[in-house]
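What follows is the content of protein.cif, which has mmCIF, C-alpha atoms:
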```
data_final
#
loop_
_atom_site.group_PDB
_atom_site.id
_atom_site.type_symbol
_atom_site.label_atom_id
_atom_site.label_comp_id
_atom_site.auth_asym_id
_atom_site.auth_seq_id
_atom_site.Cartn_x
_atom_site.Cartn_y
_atom_site.Cartn_z
ATOM 1 C CA MET D 1 -24.360 -63.101 17.476
ATOM 2 C CA SER D 2 -21.341 -63.127 19.770
ATOM 3 C CA ASP D 3 -20.020 -60.138 21.695
ATOM 4 C CA LYS D 4 -16.822 -60.190 19.630
ATOM 5 C CA THR D 5 -18.820 -59.968 16.401
ATOM 6 C CA ILE D 6 -20.884 -57.074 17.729
ATOM 7 C CA GLU D 7 -17.713 -55.290 18.851
ATOM 8 C CA ALA D 8 -16.111 -55.760 15.426
ATOM 9 C CA LEU D 9 -19.201 -54.432 13.659
ATOM 10 C CA THR D 10 -19.297 -51.436 15.993
ATOM 11 C CA ARG D 11 -15.668 -50.582 15.179
ATOM 12 C CA LYS D 12 -16.340 -50.842 11.458
ATOM 13 C CA LEU D 13 -19.438 -48.669 11.801
ATOM 14 C CA ASP D 14 -17.444 -46.026 13.681
ATOM 15 C CA LEU D 15 -14.815 -46.039 10.928
ATOM 16 C CA LEU D 16 -17.521 -45.690 8.276
ATOM 17 C CA ILE D 17 -19.112 -42.737 10.079
ATOM 18 C CA GLU D 18 -15.707 -41.068 10.413
ATOM 19 C CA ALA D 19 -14.966 -41.540 6.705
ATOM 20 C CA VAL D 20 -18.351 -40.141 5.653
ATOM 21 C CA SER D 21 -17.932 -37.117 7.937
ATOM 22 C CA ARG D 22 -14.605 -36.319 6.254
ATOM 23 C CA LEU D 23 -16.309 -36.312 2.857
ATOM 24 C CA ALA D 24 -18.985 -33.875 4.001
ATOM 25 C CA PRO D 25 -18.319 -30.194 3.134
ATOM 26 C CA ALA D 26 -16.908 -28.077 5.942
ATOM 27 C CA GLN D 27 -19.436 -25.929 7.726
ATOM 28 C CA THR D 28 -19.235 -22.258 6.719
ATOM 29 C CA PRO D 29 -18.280 -20.101 9.720
ATOM 30 C CA GLN D 30 -20.560 -17.239 10.664
ATOM 31 C CA SER D 31 -19.226 -13.713 10.194
ATOM 32 C CA ASP D 32 -18.987 -11.780 13.450
ATOM 33 C CA PHE D 33 -19.351 -8.054 12.710
ATOM 34 C CA ASP D 34 -18.300 -7.182 16.268
ATOM 35 C CA ALA D 35 -14.983 -9.045 16.022
ATOM 36 C CA ALA D 36 -13.173 -6.045 14.476
ATOM 37 C CA ASP D 37 -13.650 -2.786 12.604
ATOM 38 C CA CYS D 38 -11.895 -4.086 9.478
ATOM 39 C CA PHE D 39 -12.453 -7.308 7.549
ATOM 40 C CA VAL D 40 -11.349 -9.080 4.377
ATOM 41 C CA TRP D 41 -14.041 -10.873 2.373
ATOM 42 C CA ASP D 42 -13.271 -14.578 1.928
ATOM 43 C CA ALA D 43 -15.424 -15.287 -1.123
ATOM 44 C CA GLU D 44 -14.726 -19.013 -1.198
ATOM 45 C CA ARG D 45 -16.079 -19.556 2.324
ATOM 46 C CA GLY D 46 -18.554 -16.675 2.279
ATOM 47 C CA PHE D 47 -16.925 -15.362 5.445
ATOM 48 C CA LEU D 48 -15.621 -11.999 6.697
ATOM 49 C CA GLU D 49 -12.131 -12.527 8.094
ATOM 50 C CA PRO D 50 -11.408 -10.023 10.922
ATOM 51 C CA VAL D 51 -8.247 -7.915 10.576
ATOM 52 C CA GLN D 52 -6.889 -6.972 13.984
ATOM 53 C CA ARG D 53 -3.881 -4.988 12.723
ATOM 54 C CA VAL D 54 -4.631 -2.771 9.737
ATOM 55 C CA ASN D 55 -1.848 -1.539 7.440
ATOM 56 C CA ARG D 56 -2.465 2.224 7.432
ATOM 57 C CA VAL D 57 -0.890 5.569 8.265
ATOM 58 C CA ASP D 58 -2.164 8.553 10.214
ATOM 59 C CA ILE D 59 -4.336 10.761 8.018
ATOM 60 C CA GLY D 60 -2.177 13.780 8.892
ATOM 61 C CA LEU D 61 0.765 12.182 7.072
ATOM 62 C CA ILE D 62 -1.042 12.080 3.711
ATOM 63 C CA ARG D 63 0.072 15.313 2.031
ATOM 64 C CA GLY D 64 -0.460 16.955 -1.334
ATOM 65 C CA VAL D 65 -4.086 15.812 -1.654
ATOM 66 C CA ASP D 66 -5.782 18.145 0.837
ATOM 67 C CA ARG D 67 -8.821 18.900 -1.323
ATOM 68 C CA VAL D 68 -9.743 15.299 -2.153
ATOM 69 C CA ARG D 69 -8.942 14.273 1.434
ATOM 70 C CA ASP D 70 -11.493 16.728 2.791
ATOM 71 C CA ILE D 71 -14.136 15.609 0.261
ATOM 72 C CA LEU D 72 -13.635 11.930 1.111
ATOM 73 C CA VAL D 73 -13.720 12.520 4.871
ATOM 74 C CA ASP D 74 -16.868 14.616 4.579
ATOM 75 C CA ASN D 75 -18.623 11.970 2.451
ATOM 76 C CA THR D 76 -17.597 9.229 4.882
ATOM 77 C CA GLU D 77 -18.718 11.223 7.923
ATOM 78 C CA ARG D 78 -22.157 11.757 6.387
ATOM 79 C CA PHE D 79 -22.464 8.051 5.631
ATOM 80 C CA ALA D 80 -21.407 7.112 9.181
ATOM 81 C CA ALA D 81 -24.064 9.479 10.548
ATOM 82 C CA GLY D 82 -26.784 7.785 8.489
ATOM 83 C CA LEU D 83 -27.065 10.617 5.972
ATOM 84 C CA PRO D 84 -27.014 10.281 2.155
ATOM 85 C CA ALA D 85 -23.543 9.725 0.700
ATOM 86 C CA ASN D 86 -22.009 8.662 -2.613
ATOM 87 C CA ASN D 87 -19.956 5.740 -3.856
ATOM 88 C CA VAL D 88 -16.421 7.018 -4.453
ATOM 89 C CA LEU D 89 -13.857 6.289 -7.160
ATOM 90 C CA LEU D 90 -10.339 7.440 -6.282
ATOM 91 C CA TRP D 91 -8.357 7.427 -9.508
ATOM 92 C CA GLY D 92 -5.114 8.753 -10.874
ATOM 93 C CA ALA D 93 -1.360 8.685 -10.351
ATOM 94 C CA ARG D 94 0.091 5.651 -8.630
ATOM 95 C CA GLY D 95 1.591 5.989 -5.171
ATOM 96 C CA MET D 96 -0.266 9.188 -4.245
ATOM 97 C CA GLY D 97 -2.167 7.729 -1.282
ATOM 98 C CA LYS D 98 -5.485 6.589 -2.750
ATOM 99 C CA SER D 99 -5.854 3.394 -0.731
ATOM 100 C CA SER D 100 -4.060 4.899 2.285
ATOM 101 C CA LEU D 101 -6.594 7.716 2.342
ATOM 102 C CA VAL D 102 -9.549 5.300 2.417
ATOM 103 C CA LYS D 103 -8.120 3.355 5.363
ATOM 104 C CA SER D 104 -6.992 6.468 7.219
ATOM 105 C CA SER D 105 -10.343 8.231 6.771
ATOM 106 C CA HIS D 106 -12.123 5.203 8.194
ATOM 107 C CA ALA D 107 -9.813 5.149 11.232
ATOM 108 C CA ALA D 108 -10.074 8.916 11.816
ATOM 109 C CA ILE D 109 -13.878 8.874 11.775
ATOM 110 C CA ASN D 110 -14.090 5.940 14.188
ATOM 111 C CA ALA D 111 -11.575 7.662 16.462
ATOM 112 C CA SER D 112 -13.678 10.839 16.488
ATOM 113 C CA GLY D 113 -16.594 9.006 18.105
ATOM 114 C CA LYS D 114 -19.153 10.956 16.067
ATOM 115 C CA SER D 115 -21.082 7.869 14.916
ATOM 116 C CA GLU D 116 -23.256 5.802 17.245
ATOM 117 C CA ALA D 117 -21.551 2.533 16.242
ATOM 118 C CA PRO D 118 -18.107 1.917 14.719
ATOM 119 C CA LEU D 119 -18.006 2.134 10.938
ATOM 120 C CA LYS D 120 -16.866 -1.148 9.375
ATOM 121 C CA LEU D 121 -14.377 -1.384 6.508
ATOM 122 C CA ILE D 122 -14.480 -4.504 4.317
ATOM 123 C CA GLU D 123 -11.873 -5.150 1.635
ATOM 124 C CA ILE D 124 -13.033 -7.200 -1.336
ATOM 125 C CA HIS D 125 -10.439 -8.419 -3.792
ATOM 126 C CA ARG D 126 -10.735 -7.529 -7.456
ATOM 127 C CA GLU D 127 -11.153 -11.152 -8.524
ATOM 128 C CA ASP D 128 -14.118 -11.577 -6.134
ATOM 129 C CA ILE D 129 -16.213 -8.720 -7.514
ATOM 130 C CA ASP D 130 -18.774 -11.118 -8.966
ATOM 131 C CA THR D 131 -19.556 -12.307 -5.403
ATOM 132 C CA LEU D 132 -20.721 -8.848 -4.324
ATOM 133 C CA PRO D 133 -24.420 -9.868 -4.233
ATOM 134 C CA ARG D 134 -23.588 -12.645 -1.730
ATOM 135 C CA LEU D 135 -21.672 -10.237 0.454
ATOM 136 C CA MET D 136 -24.364 -7.559 0.373
ATOM 137 C CA ALA D 137 -26.961 -10.160 1.337
ATOM 138 C CA GLN D 138 -24.999 -10.708 4.559
ATOM 139 C CA LEU D 139 -24.625 -7.007 5.288
ATOM 140 C CA LYS D 140 -28.056 -5.563 4.585
ATOM 141 C CA ALA D 141 -29.705 -7.024 7.715
ATOM 142 C CA SER D 142 -27.061 -5.625 10.079
ATOM 143 C CA PHE D 143 -27.436 -2.374 12.019
ATOM 144 C CA HIS D 144 -23.763 -1.616 11.272
ATOM 145 C CA ARG D 145 -22.728 0.599 8.369
ATOM 146 C CA PHE D 146 -20.131 -0.760 5.957
ATOM 147 C CA ILE D 147 -17.597 0.647 3.507
ATOM 148 C CA LEU D 148 -16.832 -1.937 0.823
ATOM 149 C CA PHE D 149 -13.337 -1.213 -0.434
ATOM 150 C CA CYS D 150 -11.693 -2.588 -3.581
ATOM 151 C CA ASP D 151 -8.098 -1.561 -4.196
ATOM 152 C CA ASP D 152 -6.689 -1.276 -7.724
ATOM 153 C CA LEU D 153 -9.998 -1.976 -9.429
ATOM 154 C CA SER D 154 -9.872 -2.373 -13.207
ATOM 155 C CA PHE D 155 -11.144 -4.717 -15.906
ATOM 156 C CA ASP D 156 -9.477 -6.347 -18.882
ATOM 157 C CA HIS D 157 -10.746 -6.987 -22.396
ATOM 158 C CA ASP D 158 -12.468 -10.322 -21.824
ATOM 159 C CA ASP D 159 -13.684 -9.574 -18.303
ATOM 160 C CA THR D 160 -17.452 -9.188 -17.983
ATOM 161 C CA SER D 161 -17.636 -9.074 -14.183
ATOM 162 C CA TYR D 162 -17.914 -5.282 -14.429
ATOM 163 C CA LYS D 163 -21.561 -5.854 -15.308
ATOM 164 C CA SER D 164 -22.237 -7.501 -11.947
ATOM 165 C CA LEU D 165 -20.533 -4.554 -10.242
ATOM 166 C CA LYS D 166 -22.811 -2.128 -12.077
ATOM 167 C CA ALA D 167 -25.877 -4.016 -10.887
ATOM 168 C CA ALA D 168 -24.601 -4.268 -7.324
ATOM 169 C CA LEU D 169 -23.840 -0.556 -7.063
ATOM 170 C CA GLU D 170 -27.018 1.009 -8.391
ATOM 171 C CA GLY D 171 -28.920 -1.463 -10.555
ATOM 172 C CA GLY D 172 -31.253 -4.351 -9.904
ATOM 173 C CA VAL D 173 -34.567 -4.399 -8.107
ATOM 174 C CA GLU D 174 -33.156 -3.961 -4.595
ATOM 175 C CA GLY D 175 -30.265 -1.653 -5.410
ATOM 176 C CA ARG D 176 -27.459 -0.959 -2.967
ATOM 177 C CA PRO D 177 -28.421 -1.478 0.713
ATOM 178 C CA ALA D 178 -28.718 1.769 2.676
ATOM 179 C CA ASN D 179 -26.038 0.644 5.140
ATOM 180 C CA VAL D 180 -23.442 -0.097 2.437
ATOM 181 C CA ILE D 181 -21.233 2.214 0.392
ATOM 182 C CA PHE D 182 -18.557 1.307 -2.156
ATOM 183 C CA TYR D 183 -15.085 2.885 -2.400
ATOM 184 C CA ALA D 184 -12.627 1.850 -5.112
ATOM 185 C CA THR D 185 -9.164 2.948 -6.204
ATOM 186 C CA SER D 186 -7.862 2.690 -9.743
ATOM 187 C CA ASN D 187 -5.259 4.118 -12.077
ATOM 188 C CA ARG D 188 -7.999 4.387 -14.727
ATOM 189 C CA ARG D 189 -10.821 6.909 -14.555
ATOM 190 C CA HIS D 190 -13.203 4.655 -16.489
ATOM 191 C CA LEU D 191 -11.845 1.369 -15.003
ATOM 192 C CA LEU D 192 -11.520 -0.127 -18.502
ATOM 193 C CA PRO D 193 -8.527 -0.036 -20.884
ATOM 194 C CA ARG D 194 -8.585 2.898 -23.290
ATOM 195 C CA ASP D 195 -7.901 0.611 -26.268
ATOM 196 C CA MET D 196 -10.912 -1.480 -25.233
ATOM 197 C CA ILE D 197 -13.158 1.579 -25.366
ATOM 198 C CA ASP D 198 -11.610 2.725 -28.665
ATOM 199 C CA ASN D 199 -12.056 -0.735 -30.172
ATOM 200 C CA GLU D 200 -15.735 -0.750 -29.207
ATOM 201 C CA ARG D 201 -16.117 2.626 -30.878
ATOM 202 C CA SER D 202 -14.517 1.477 -34.133
ATOM 203 C CA THR D 203 -16.184 -1.946 -34.522
ATOM 204 C CA ALA D 204 -19.676 -1.525 -33.083
ATOM 205 C CA ILE D 205 -22.746 -0.945 -35.262
ATOM 206 C CA ASN D 206 -23.636 1.971 -33.038
ATOM 207 C CA PRO D 207 -20.295 3.259 -31.672
ATOM 208 C CA SER D 208 -21.752 5.747 -29.201
ATOM 209 C CA GLU D 209 -23.921 3.108 -27.550
ATOM 210 C CA ALA D 210 -20.984 0.715 -27.222
ATOM 211 C CA VAL D 211 -18.841 3.356 -25.549
ATOM 212 C CA GLU D 212 -21.687 4.341 -23.228
ATOM 213 C CA GLU D 213 -21.972 0.709 -22.093
ATOM 214 C CA LYS D 214 -18.281 0.627 -21.175
ATOM 215 C CA VAL D 215 -17.948 3.974 -19.405
ATOM 216 C CA SER D 216 -21.272 3.759 -17.575
ATOM 217 C CA LEU D 217 -19.599 1.711 -14.855
ATOM 218 C CA SER D 218 -17.681 4.716 -13.533
ATOM 219 C CA ASP D 219 -20.948 6.704 -13.608
ATOM 220 C CA ARG D 220 -22.125 4.493 -10.724
ATOM 221 C CA PHE D 221 -19.646 6.400 -8.551
ATOM 222 C CA GLY D 222 -21.140 9.724 -7.472
ATOM 223 C CA LEU D 223 -17.724 11.101 -6.533
ATOM 224 C CA TRP D 224 -14.641 10.965 -8.744
ATOM 225 C CA LEU D 225 -11.571 12.056 -6.794
ATOM 226 C CA GLY D 226 -8.517 12.623 -8.971
ATOM 227 C CA PHE D 227 -4.955 12.135 -7.709
ATOM 228 C CA HIS D 228 -2.160 13.726 -9.702
ATOM 229 C CA LYS D 229 1.611 13.636 -9.583
ATOM 230 C CA CYS D 230 3.055 15.782 -6.815
ATOM 231 C CA SER D 231 5.512 18.651 -7.150
ATOM 232 C CA GLN D 232 8.986 18.640 -5.648
ATOM 233 C CA ASP D 233 7.831 20.848 -2.771
ATOM 234 C CA GLU D 234 4.905 18.521 -2.001
ATOM 235 C CA TYR D 235 7.217 15.506 -2.093
ATOM 236 C CA LEU D 236 9.628 17.168 0.361
ATOM 237 C CA GLU D 237 6.674 18.114 2.571
ATOM 238 C CA MET D 238 5.687 14.420 2.704
ATOM 239 C CA VAL D 239 9.234 13.453 3.680
ATOM 240 C CA ASP D 240 9.392 16.156 6.384
ATOM 241 C CA GLY D 241 6.057 15.006 7.783
ATOM 242 C CA TYR D 242 7.280 11.428 8.128
ATOM 243 C CA VAL D 243 10.562 12.555 9.723
ATOM 244 C CA ARG D 244 8.748 14.622 12.358
ATOM 245 C CA TYR D 245 6.160 11.917 13.069
ATOM 246 C CA HIS D 246 8.748 9.186 13.550
ATOM 247 C CA GLY D 247 11.274 11.432 15.315
ATOM 248 C CA LEU D 248 14.157 10.715 12.953
ATOM 249 C CA ASN D 249 17.335 12.593 13.802
ATOM 250 C CA ILE D 250 18.888 14.076 10.645
ATOM 251 C CA ASP D 251 20.145 17.451 9.485
ATOM 252 C CA PRO D 252 17.525 19.265 7.296
ATOM 253 C CA GLU D 253 19.948 19.975 4.464
ATOM 254 C CA THR D 254 21.172 16.394 4.401
ATOM 255 C CA LEU D 255 17.574 15.182 4.476
ATOM 256 C CA ARG D 256 16.623 17.362 1.520
ATOM 257 C CA ALA D 257 19.611 16.270 -0.580
ATOM 258 C CA GLU D 258 19.107 12.565 0.132
ATOM 259 C CA ALA D 259 15.342 12.736 -0.434
ATOM 260 C CA LEU D 260 15.800 14.403 -3.834
ATOM 261 C CA GLU D 261 18.493 11.920 -4.833
ATOM 262 C CA TRP D 262 16.173 9.042 -3.854
ATOM 263 C CA ALA D 263 13.345 10.438 -6.002
ATOM 264 C CA THR D 264 15.706 10.956 -8.923
ATOM 265 C CA THR D 265 16.924 7.357 -8.826
ATOM 266 C CA ARG D 266 13.309 6.149 -8.735
ATOM 267 C CA GLY D 267 12.298 8.412 -11.596
ATOM 268 C CA SER D 268 9.185 9.700 -9.813
ATOM 269 C CA ARG D 269 7.893 11.650 -6.839
ATOM 270 C CA SER D 270 4.941 10.355 -4.816
ATOM 271 C CA GLY D 271 3.808 9.511 -1.327
ATOM 272 C CA ARG D 272 4.897 5.911 -1.862
ATOM 273 C CA VAL D 273 8.385 6.977 -2.920
ATOM 274 C CA ALA D 274 8.597 9.270 0.135
ATOM 275 C CA TRP D 275 7.631 6.398 2.450
ATOM 276 C CA GLN D 276 10.148 4.040 0.829
ATOM 277 C CA PHE D 277 12.850 6.674 1.355
ATOM 278 C CA ILE D 278 11.859 7.028 5.034
ATOM 279 C CA GLN D 279 12.130 3.271 5.572
ATOM 280 C CA ASP D 280 15.597 3.286 4.017
ATOM 281 C CA LEU D 281 16.618 6.350 6.028
ATOM 282 C CA ALA D 282 15.404 4.924 9.347
ATOM 283 C CA GLY D 283 17.278 1.692 8.667
ATOM 284 C CA ARG D 284 20.512 3.536 7.931
ATOM 285 C CA LEU D 285 20.101 5.693 11.048
ATOM 286 C CA GLY D 286 19.384 2.629 13.159
ATOM 287 C CA GLN D 287 16.125 4.149 14.402
ATOM 288 C CA PRO D 288 12.808 2.229 14.605
ATOM 289 C CA LEU D 289 9.593 3.562 13.074
ATOM 290 C CA LYS D 290 6.365 3.938 15.028
ATOM 291 C CA ASP D 291 3.668 1.302 14.504
#
```

Rendering of file as structure tokens:
Amino acid sequence: MSDKTIEALTRKLDLLIEAVSRLAPAQTPQSDFDAADCFVWDAERGFLEPVQRVNRVDIGLIRGVDRVRDILVDNTERFAAGLPANNVLLWGARGMGKSSLVKSSHAAINASGKSEAPLKLIEIHREDIDTLPRLMAQLKASFHRFILFCDDLSFDHDDTSYKSLKAALEGGVEGRPANVIFYATSNRRHLLPRDMIDNERSTAINPSEAVEEKVSLSDRFGLWLGFHKCSQDEYLEMVDGYVRYHGLNIDPETLRAEALEWATTRGSRSGRVAWQFIQDLAGRLGQPLKD
């Protein structure tokens, strides 16, 4: 066999190897728990994506929910210290700081330095709930402690993934790992549509058992923290807190009038509405907001 023939075969073999390597599945990256304090669960790759800049506000700016704030912080502090703590469902009125409170509590506790190692916050998207067992399998062997956080958790009529969530939280042979706790926010106290529960009651052979099956999911959460619509005074207190924190220069009477007009045009008062007003106000004043 001539040298030219050998060279041609070698080139073809190299091309074949390259083509086969492209067909092979990509190697799953390893999650690095020390890369950050916050992560997002990438269910498709089975990987925790580090989040270097977290979208959150200072816990002191969350007003009108002092009681539930203190309960959540206390529960989270006990968990970070290795003591018993409960899964938490934050439910109720939209825009009242449910998800902001989870992220801010996590940051405040890490900043306090009370725990031996930083507490990790992992966001799991609603549509990835059925991958919880895979995620927990990664976490249970770590010395870190993790808050699994699902924002706006709810289930529709034909969705059965709530059953896998029930098993992951408290069911199954293994149960929830000791270094993992689950926090969820929702507009629904029972996470399922009311008409779904009512329909089960009216069509089932044993109505009470059918309803129990549906509402037992929320029973997996030891703490139910309710968030309710704020009063006008609480709304104005939120606005004042943001103005002081960001150092916005505006006359108090003008601020009050504009804040109330903003809430009226939106048809509601909440922490979210207050923050949207502050962003509009800062833009009109030509003043930047703090990071």

Between atom CA of D:Glu253 and atom CA of D:Gly97, what is the distance in Å, rounded to a tenth?
25.9 Å

Which residues match the PyMOL selection byres ((chain D and resi 179) around 9) in the file above, as a count of residues only?
17

Selection near stretch 217-232 of chain D, 9 Å with only C-alpha atoms, sequence-local residues under 3 positions removed, as number ranges by chain
D: 64-65, 68-69, 71-72, 85-98, 162-163, 165-166, 169-170, 182-183, 189-191, 213-214, 235-237, 260, 268-271

To one decimal place in Å, what is the distance between atom CA of D:Leu255 and atom CA of D:Trp275?
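Between these atoms lies a distance of 13.4 Å.
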
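The coordinates place atom CA of D:Asp37 at 7.8 Å from atom CA of D:Pro50.
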
Which residue is closest to D:Met238? Choose from D:Pro288, D:Arg63, D:Asn75, D:Gln52 and count only C-alpha atoms.
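Checking each of D:Pro288, D:Arg63, D:Asn75, D:Gln52 against D:Met238, counting only C-alpha atoms, the winner is D:Arg63.
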
Pick from D:Ala81, D:Ile59, D:Cys150, D:Ala137: nearest to D:Ala108, with only C-alpha atoms counted?
D:Ile59

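Counting all atoms listed in the file and comparing D:Leu285, D:Leu119, D:Ala274, D:Cys38, the residue that lies closest to D:Gly247 is D:Leu285.
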
Smallest atom-to-atom distance to D:Ile62: which of D:Gln30, D:Gln276, D:Thr185, D:Ser99, using all atoms listed in the file?
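The shortest atom-to-atom distance to D:Ile62 comes from D:Ser99.
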
If I only want stretch 99-127 of chain D, can you write it with N, CA and C atoms, as a PDB file, in the first residue's frame?
```pdb
ATOM      1  N   SER D  99     -42.350  36.215  46.682  1.00  0.00           N
ATOM      2  CA  SER D  99     -41.064  35.741  46.173  1.00  0.00           C
ATOM      3  C   SER D  99     -39.919  36.654  46.614  1.00  0.00           C
ATOM      4  N   SER D 100     -40.169  37.947  46.703  1.00  0.00           N
ATOM      5  CA  SER D 100     -39.127  38.879  47.164  1.00  0.00           C
ATOM      6  C   SER D 100     -38.702  38.549  48.583  1.00  0.00           C
ATOM      7  N   LEU D 101     -39.656  38.147  49.408  1.00  0.00           N
ATOM      8  CA  LEU D 101     -39.352  37.827  50.798  1.00  0.00           C
ATOM      9  C   LEU D 101     -38.480  36.583  50.903  1.00  0.00           C
ATOM     10  N   VAL D 102     -38.719  35.587  50.065  1.00  0.00           N
ATOM     11  CA  VAL D 102     -37.888  34.374  50.078  1.00  0.00           C
ATOM     12  C   VAL D 102     -36.442  34.727  49.739  1.00  0.00           C
ATOM     13  N   LYS D 103     -36.253  35.479  48.665  1.00  0.00           N
ATOM     14  CA  LYS D 103     -34.895  35.827  48.225  1.00  0.00           C
ATOM     15  C   LYS D 103     -34.212  36.760  49.221  1.00  0.00           C
ATOM     16  N   SER D 104     -34.954  37.692  49.780  1.00  0.00           N
ATOM     17  CA  SER D 104     -34.367  38.633  50.727  1.00  0.00           C
ATOM     18  C   SER D 104     -34.012  37.966  52.049  1.00  0.00           C
ATOM     19  N   SER D 105     -34.852  37.033  52.499  1.00  0.00           N
ATOM     20  CA  SER D 105     -34.558  36.299  53.736  1.00  0.00           C
ATOM     21  C   SER D 105     -33.281  35.484  53.581  1.00  0.00           C
ATOM     22  N   HIS D 106     -33.138  34.841  52.450  1.00  0.00           N
ATOM     23  CA  HIS D 106     -31.927  34.067  52.168  1.00  0.00           C
ATOM     24  C   HIS D 106     -30.684  34.961  52.226  1.00  0.00           C
ATOM     25  N   ALA D 107     -30.759  36.128  51.583  1.00  0.00           N
ATOM     26  CA  ALA D 107     -29.616  37.045  51.568  1.00  0.00           C
ATOM     27  C   ALA D 107     -29.304  37.581  52.961  1.00  0.00           C
ATOM     28  N   ALA D 108     -30.355  37.921  53.726  1.00  0.00           N
ATOM     29  CA  ALA D 108     -30.150  38.489  55.065  1.00  0.00           C
ATOM     30  C   ALA D 108     -29.486  37.481  55.993  1.00  0.00           C
ATOM     31  N   ILE D 109     -29.886  36.224  55.899  1.00  0.00           N
ATOM     32  CA  ILE D 109     -29.319  35.198  56.783  1.00  0.00           C
ATOM     33  C   ILE D 109     -27.870  34.911  56.419  1.00  0.00           C
ATOM     34  N   ASN D 110     -27.547  34.864  55.135  1.00  0.00           N
ATOM     35  CA  ASN D 110     -26.152  34.679  54.739  1.00  0.00           C
ATOM     36  C   ASN D 110     -25.299  35.868  55.158  1.00  0.00           C
ATOM     37  N   ALA D 111     -25.880  37.076  55.070  1.00  0.00           N
ATOM     38  CA  ALA D 111     -25.130  38.271  55.460  1.00  0.00           C
ATOM     39  C   ALA D 111     -24.880  38.325  56.960  1.00  0.00           C
ATOM     40  N   SER D 112     -25.748  37.694  57.740  1.00  0.00           N
ATOM     41  CA  SER D 112     -25.589  37.718  59.202  1.00  0.00           C
ATOM     42  C   SER D 112     -24.412  36.879  59.670  1.00  0.00           C
ATOM     43  N   GLY D 113     -24.011  35.893  58.871  1.00  0.00           N
ATOM     44  CA  GLY D 113     -22.882  35.044  59.232  1.00  0.00           C
ATOM     45  C   GLY D 113     -23.162  34.079  60.365  1.00  0.00           C
ATOM     46  N   LYS D 114     -24.437  33.806  60.652  1.00  0.00           N
ATOM     47  CA  LYS D 114     -24.782  32.929  61.767  1.00  0.00           C
ATOM     48  C   LYS D 114     -24.570  31.450  61.441  1.00  0.00           C
ATOM     49  N   SER D 115     -24.654  31.089  60.156  1.00  0.00           N
ATOM     50  CA  SER D 115     -24.483  29.683  59.779  1.00  0.00           C
ATOM     51  C   SER D 115     -23.025  29.406  59.438  1.00  0.00           C
ATOM     52  N   GLU D 116     -22.602  28.169  59.638  1.00  0.00           N
ATOM     53  CA  GLU D 116     -21.213  27.793  59.385  1.00  0.00           C
ATOM     54  C   GLU D 116     -20.855  27.906  57.911  1.00  0.00           C
ATOM     55  N   ALA D 117     -21.768  27.551  57.028  1.00  0.00           N
ATOM     56  CA  ALA D 117     -21.542  27.641  55.581  1.00  0.00           C
ATOM     57  C   ALA D 117     -22.695  28.402  54.954  1.00  0.00           C
ATOM     58  N   PRO D 118     -22.466  29.093  53.835  1.00  0.00           N
ATOM     59  CA  PRO D 118     -23.543  29.842  53.191  1.00  0.00           C
ATOM     60  C   PRO D 118     -24.722  28.941  52.823  1.00  0.00           C
ATOM     61  N   LEU D 119     -25.913  29.436  53.078  1.00  0.00           N
ATOM     62  CA  LEU D 119     -27.135  28.745  52.690  1.00  0.00           C
ATOM     63  C   LEU D 119     -27.340  28.928  51.191  1.00  0.00           C
ATOM     64  N   LYS D 120     -27.689  27.851  50.490  1.00  0.00           N
ATOM     65  CA  LYS D 120     -27.852  27.915  49.041  1.00  0.00           C
ATOM     66  C   LYS D 120     -29.329  27.996  48.674  1.00  0.00           C
ATOM     67  N   LEU D 121     -29.629  28.850  47.699  1.00  0.00           N
ATOM     68  CA  LEU D 121     -30.998  28.996  47.195  1.00  0.00           C
ATOM     69  C   LEU D 121     -31.039  28.490  45.761  1.00  0.00           C
ATOM     70  N   ILE D 122     -31.941  27.542  45.496  1.00  0.00           N
ATOM     71  CA  ILE D 122     -32.066  26.954  44.156  1.00  0.00           C
ATOM     72  C   ILE D 122     -33.488  27.169  43.655  1.00  0.00           C
ATOM     73  N   GLU D 123     -33.620  27.852  42.530  1.00  0.00           N
ATOM     74  CA  GLU D 123     -34.942  28.036  41.931  1.00  0.00           C
ATOM     75  C   GLU D 123     -35.218  26.897  40.954  1.00  0.00           C
ATOM     76  N   ILE D 124     -36.369  26.273  41.111  1.00  0.00           N
ATOM     77  CA  ILE D 124     -36.817  25.244  40.179  1.00  0.00           C
ATOM     78  C   ILE D 124     -38.095  25.737  39.525  1.00  0.00           C
ATOM     79  N   HIS D 125     -38.140  25.677  38.209  1.00  0.00           N
ATOM     80  CA  HIS D 125     -39.310  26.169  37.499  1.00  0.00           C
ATOM     81  C   HIS D 125     -40.499  25.227  37.665  1.00  0.00           C
ATOM     82  N   ARG D 126     -41.677  25.795  37.599  1.00  0.00           N
ATOM     83  CA  ARG D 126     -42.906  25.034  37.787  1.00  0.00           C
ATOM     84  C   ARG D 126     -42.983  23.819  36.865  1.00  0.00           C
ATOM     85  N   GLU D 127     -42.581  23.997  35.610  1.00  0.00           N
ATOM     86  CA  GLU D 127     -42.711  22.902  34.647  1.00  0.00           C
ATOM     87  C   GLU D 127     -41.693  21.787  34.874  1.00  0.00           C
TER      88      GLU D 127
END
```
